[in-house]
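Enquirer: The following block contains the structure, expressed as structure tokens.
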Amino acid sequence: MKKLLLATVALAALGAPALAADLRARPYTKAPPPIAAPIYNWTGFYIGGHLGAAFGNDNTFNGLVVGGNNDARFLGGVQGGFDYQFAPNWVLGIEAQYSWLSGNAVNVAFPTGHVYTNDRRGIGSVTGRIGYTWGPGLLYVKGGYAFADNKENLFLAGVPQGFSFDGNHQDGYTVGAGFEYMFAQNWSGKVEYQYYNFGDSRFVTPVALAPFGSFRNDEHTVKVGINYRFNLGGPVVAKY
């Protein structure tokens with residue numbers, strides 16, 4: 001019995017230094033800082049500008065060549081609007097936009113000697129839009145009201161003539177689609193296609209031009225733009 005007790009004491013004495021070493025305080029290691037994960041917030045007001053080109057359809061008055069109607073024209077303008085992000089990857093918004101245009105939209109000479117010109121100086125729109133976002137990207141479609149700033153003239157032997165159409169070709173509709181990318185906290189860039197339709201135009205007076213039929217008043221546009229965003233509705237980054 002004594003031998004058993006002496007063996008137990010000896011084993012305890014031998015293990016004590018190892019146990020003491022395990023119980024010694026270990027050096028403190030500071031936890032890594034939290035990682036800032038970007039949250040791209042599309043909710044808020046924005047303002048911006050754009051550049052691009054406009055193209056009309058190759059339409060004619062009963063076979064007469066309409067000069068300038070389908071020529072590429074430079075455009076540049078401004079836009080502003082409001083977006084609301086929900087659900088959580090959908091964005092609903094409203095936007096007002098105006099683009100200044102270079103060159104005539106329509107220039108046609110009739111066999112009667114009349115010359116009609118339409119210096120379309122600008123086109124604008126007020127549209128709703130809806131899009132799907134994944135982080136910094138936003139793919140959207142848009143549509144709504146469109147208007148044209150037309151300066152129209154009719155000449156006969158160089159003398160201005162009175163004229164009228166069978167409808168208003170200054171008001172119309174527009175549809176489009178685009179992609180927008182938020183490249184900084186308050187900045188986003190976009191590329192966009194937008195189609196404007198202002199209806200068909202047919203002369204009522206002078207009556208000599210009525211038999212020549214109508215031509216379509218529309219514009220196809222391609223734009224690149226940049227927006228400054230005010231980022232309402234939540235933080236731009238969150239930590240976890």
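By order of appearance in the structure tokens: chains A, B, ..., then residues from 1 within every chain, and ligands from 1 in the order shown.
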Any idea what's packed within 8 Å of region 173-188 of chain A, counting only C-alpha atoms, ignoring anything in its chain fewer than 4 positions away? Could you give it as a list in words?
Expert: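 Contacts, with the query itself left out: Tyr40, Ser125, Thr127, Pro136, Gly137, Leu138, Leu139, Tyr140, Val141, Lys142, Gly143, Gly144, Tyr145, Ala146, Phe147, Glu192, Tyr193, Gln194, Tyr195, Tyr196, Asn197, Phe198, Ile226, Asn227, Tyr228, Arg229, Phe230, Asn231 and Val236 of chain A.
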Enquirer: Considering only C-alpha atoms, return as a list in words whatever protein or nucleic-acid residues lie within 7 Å of Thr117 (chain A), sequence-local ones (same chain, fewer than 2 positions apart) excluded.
Expert: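 Neighbouring residues, sequence-local ones excluded: Val106, Asn107, Val108, Val115, Asp119, Glu152, Asn153 and Leu154 of chain A.
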Enquirer: Can you list, as a VMD selection string, all residues belonging to region 55-162 of chain A that DSSP tags as strand (DSSP E or B)?
Expert: chain A and resid 55 61 64 67 73 to 86 90 to 101 106 to 109 114 to 134 137 to 156 159 to 160
Enquirer: Within 8 Å of Leu156 (chain A), counting only C-alpha atoms, which residues show up once you throw out same-chain ones fewer than 2 positions away? Write them as a PyMOL selection string, please.
Expert: chain A and resi 113-115+154+158-161
Enquirer: Can you write out the residues you just picked, keeping N, CA and C atoms, as an mmCIF file, in the first residue's frame?
Expert:
data_model
loop_
_atom_site.group_PDB
_atom_site.id
_atom_site.type_symbol
_atom_site.label_atom_id
_atom_site.label_comp_id
_atom_site.auth_asym_id
_atom_site.auth_seq_id
_atom_site.Cartn_x
_atom_site.Cartn_y
_atom_site.Cartn_z
ATOM 1 N N GLY A 113 -43.438 73.418 -105.433
ATOM 2 C CA GLY A 113 -42.545 74.540 -105.157
ATOM 3 C C GLY A 113 -42.432 74.871 -103.685
ATOM 4 N N HIS A 114 -43.269 74.237 -102.853
ATOM 5 C CA HIS A 114 -43.202 74.473 -101.411
ATOM 6 C C HIS A 114 -41.997 73.739 -100.805
ATOM 7 N N VAL A 115 -41.400 74.349 -99.815
ATOM 8 C CA VAL A 115 -40.303 73.746 -99.054
ATOM 9 C C VAL A 115 -40.669 73.819 -97.568
ATOM 10 N N LEU A 154 -42.734 76.920 -93.696
ATOM 11 C CA LEU A 154 -43.126 76.522 -95.055
ATOM 12 C C LEU A 154 -42.894 77.718 -95.962
ATOM 13 N N GLY A 158 -39.401 81.146 -101.655
ATOM 14 C CA GLY A 158 -38.679 81.901 -100.640
ATOM 15 C C GLY A 158 -39.544 82.745 -99.734
ATOM 16 N N VAL A 159 -40.869 82.726 -99.961
ATOM 17 C CA VAL A 159 -41.788 83.544 -99.162
ATOM 18 C C VAL A 159 -42.465 82.651 -98.120
ATOM 19 N N PRO A 160 -42.452 83.029 -96.835
ATOM 20 C CA PRO A 160 -43.100 82.209 -95.794
ATOM 21 C C PRO A 160 -44.590 82.045 -96.064
ATOM 22 N N GLN A 161 -45.101 80.840 -95.827
ATOM 23 C CA GLN A 161 -46.504 80.507 -96.071
ATOM 24 C C GLN A 161 -47.153 80.007 -94.779
#
Enquirer: Please, what distance in Å, to one decimal, runs between CA of Phe163 (chain A) and CA of Arg73 (chain A)?
Expert: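 Distance between the two atoms: 26.2 Å.
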Enquirer: So how far away is CA of Asp71 (chain A) from CA of Phe165 (chain A), in Å?
Expert: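 Pair CA of Phe165 (chain A) / CA of Asp71 (chain A) returns 23.5 Å.
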Enquirer: Go ahead and compute the interatomic distance for CA of Gly124 (chain A) and CA of Phe215 (chain A), in Å to one decimal.
Expert: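 Between CA of Gly124 (chain A) and CA of Phe215 (chain A) the gap is 20.7 Å.
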Enquirer: Given only C-alpha atoms as the basis, pick out the residue of A:Ser214, A:Thr133, A:Thr43, A:Ser99 nearest to Asp166 (chain A).
Expert: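 Selected residue with least distance to Asp166 (chain A): A:Ser214.
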Enquirer: Taking only C-alpha atoms into account, name the residue in A:Asn104, A:Asn57, A:Leu51, A:Lys223 that is nearest to Asp200 (chain A).
Expert: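 Closest candidate: A:Asn57.
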Enquirer: As a list of chain:residue names, please: the residues near Gly76 (chain A) (cut-off 12 Å, only C-alpha atoms, same-chain neighbours under 3 positions excluded).
Expert: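 These residues fall inside the cut-off: A:Gly48, A:Gly49, A:His50, A:Leu51, A:Gly52, A:Ala53, A:Ala54, A:Arg73, A:Gln79, A:Gln97, A:Tyr98, A:Ser99, A:Trp100, A:Leu101, A:Ser102, A:Arg121, A:Gly122, A:Ile123, A:Gly124, A:Thr221, A:Val222, A:Lys223, A:Val224, A:Gly225, A:Ile226.
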Enquirer: Compile the contact shell of His169 (chain A) as number ranges by chain: residues with an atom at most 8 Å away, counting only C-alpha atoms, same-chain residues fewer than 2 positions apart removed.
Expert: A: 148, 167, 171-172, 198-201, 217
Enquirer: Keeping only N, CA, C and O atoms, write the selected residues to a file as a compact mmCIF listing (two decimals), in the first residue's frame.
Expert:
# COMPACT_ATOMS: atom_id res chain seq x y z
N ALA A 148 -41.77 67.77 -78.06
CA ALA A 148 -40.76 68.25 -79.00
C ALA A 148 -40.83 69.77 -79.10
O ALA A 148 -41.92 70.36 -79.14
N GLY A 167 -52.98 67.19 -86.87
CA GLY A 167 -52.84 66.85 -85.44
C GLY A 167 -51.62 67.51 -84.85
O GLY A 167 -50.80 68.10 -85.56
N ASP A 171 -46.55 66.74 -79.07
CA ASP A 171 -46.73 65.87 -77.91
C ASP A 171 -46.78 64.42 -78.36
O ASP A 171 -47.36 64.10 -79.40
N GLY A 172 -46.20 63.53 -77.55
CA GLY A 172 -46.19 62.13 -77.91
C GLY A 172 -45.83 61.25 -76.73
O GLY A 172 -46.09 61.61 -75.57
N PHE A 198 -43.90 61.18 -82.00
CA PHE A 198 -44.78 62.35 -81.96
C PHE A 198 -45.91 62.26 -82.98
O PHE A 198 -46.52 63.27 -83.33
N GLY A 199 -46.20 61.06 -83.43
CA GLY A 199 -47.33 60.85 -84.32
C GLY A 199 -47.01 61.15 -85.78
O GLY A 199 -45.94 61.63 -86.13
N ASP A 200 -47.97 60.83 -86.65
CA ASP A 200 -47.84 61.12 -88.08
C ASP A 200 -48.30 62.55 -88.35
O ASP A 200 -49.20 63.06 -87.69
N SER A 201 -47.67 63.16 -89.36
CA SER A 201 -47.99 64.55 -89.72
C SER A 201 -48.49 64.62 -91.16
O SER A 201 -47.83 64.13 -92.08
N ASN A 217 -43.21 61.37 -87.30
CA ASN A 217 -42.38 62.26 -86.50
C ASN A 217 -41.83 61.48 -85.32
O ASN A 217 -42.50 61.35 -84.29
Enquirer: Need to verify the contact set: Thr112 (chain A), 8 Å, only C-alpha atoms, exclusion of same-chain residues closer than 2 positions in sequence. Can you return it as a ChimeraX atom specification?
Expert: /A:110,114,208-209
Enquirer: Keeping only C-alpha atoms, write the selected residues to a file as an mmCIF file, in the first residue's frame.
Expert:
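Done, and the output landed in out-v6.cif:
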data_model
loop_
_atom_site.group_PDB
_atom_site.id
_atom_site.type_symbol
_atom_site.label_atom_id
_atom_site.label_comp_id
_atom_site.auth_asym_id
_atom_site.auth_seq_id
_atom_site.Cartn_x
_atom_site.Cartn_y
_atom_site.Cartn_z
ATOM 1 C CA PHE A 110 -42.554 69.431 -102.887
ATOM 2 C CA HIS A 114 -43.202 74.473 -101.411
ATOM 3 C CA ALA A 208 -52.150 71.519 -102.509
ATOM 4 C CA LEU A 209 -49.917 69.563 -100.065
#
Enquirer: Mind checking which residues fall within 7 Å of region 81-96 of chain A, counting only C-alpha atoms, ignoring those fewer than 3 positions away in the same chain, and posting them as a PyMOL selection string?
Expert: chain A and resi 42-47+125-134
Enquirer: Residues as selected, N, CA, C and O atoms, written as a compact mmCIF listing (two decimals), in the first residue's frame, can you do that?
Expert:
# COMPACT_ATOMS: atom_id res chain seq x y z
N TRP A 42 -29.94 53.07 -53.74
CA TRP A 42 -30.44 53.82 -54.90
C TRP A 42 -31.55 54.80 -54.52
O TRP A 42 -32.01 55.57 -55.38
N THR A 43 -32.01 54.79 -53.29
CA THR A 43 -33.10 55.67 -52.89
C THR A 43 -32.61 57.11 -52.77
O THR A 43 -31.63 57.37 -52.07
N GLY A 44 -33.29 58.04 -53.42
CA GLY A 44 -32.95 59.45 -53.30
C GLY A 44 -33.11 60.21 -54.60
O GLY A 44 -33.40 59.66 -55.66
N PHE A 45 -32.90 61.53 -54.49
CA PHE A 45 -32.95 62.41 -55.66
C PHE A 45 -31.61 62.38 -56.38
O PHE A 45 -30.58 62.08 -55.79
N TYR A 46 -31.65 62.74 -57.67
CA TYR A 46 -30.41 62.85 -58.44
C TYR A 46 -30.56 63.88 -59.55
O TYR A 46 -31.67 64.19 -60.00
N ILE A 47 -29.44 64.44 -59.97
CA ILE A 47 -29.38 65.35 -61.11
C ILE A 47 -28.17 64.95 -61.95
O ILE A 47 -27.22 64.36 -61.43
N SER A 125 -38.87 64.65 -71.97
CA SER A 125 -39.75 63.58 -71.51
C SER A 125 -39.93 63.64 -70.00
O SER A 125 -39.06 64.15 -69.28
N VAL A 126 -41.04 63.10 -69.57
CA VAL A 126 -41.30 62.83 -68.15
C VAL A 126 -41.73 61.37 -68.09
O VAL A 126 -42.78 61.01 -68.63
N THR A 127 -40.93 60.54 -67.46
CA THR A 127 -41.16 59.09 -67.52
C THR A 127 -41.11 58.47 -66.13
O THR A 127 -40.45 58.97 -65.22
N GLY A 128 -41.79 57.35 -66.01
CA GLY A 128 -41.57 56.46 -64.89
C GLY A 128 -40.56 55.40 -65.32
O GLY A 128 -40.39 55.14 -66.51
N ARG A 129 -39.90 54.80 -64.34
CA ARG A 129 -38.97 53.73 -64.69
C ARG A 129 -38.94 52.70 -63.56
O ARG A 129 -39.16 53.03 -62.39
N ILE A 130 -38.65 51.47 -63.94
CA ILE A 130 -38.51 50.40 -62.97
C ILE A 130 -37.31 49.57 -63.37
O ILE A 130 -37.06 49.33 -64.56
N GLY A 131 -36.54 49.15 -62.36
CA GLY A 131 -35.33 48.41 -62.65
C GLY A 131 -35.01 47.39 -61.58
O GLY A 131 -35.59 47.38 -60.49
N TYR A 132 -34.06 46.53 -61.93
CA TYR A 132 -33.57 45.51 -61.00
C TYR A 132 -32.10 45.79 -60.73
O TYR A 132 -31.31 45.99 -61.67
N THR A 133 -31.73 45.81 -59.45
CA THR A 133 -30.35 46.11 -59.07
C THR A 133 -29.68 44.93 -58.41
O THR A 133 -30.31 44.16 -57.68
N TRP A 134 -28.40 44.77 -58.68
CA TRP A 134 -27.55 43.82 -57.97
C TRP A 134 -26.28 44.58 -57.59
O TRP A 134 -25.41 44.84 -58.41
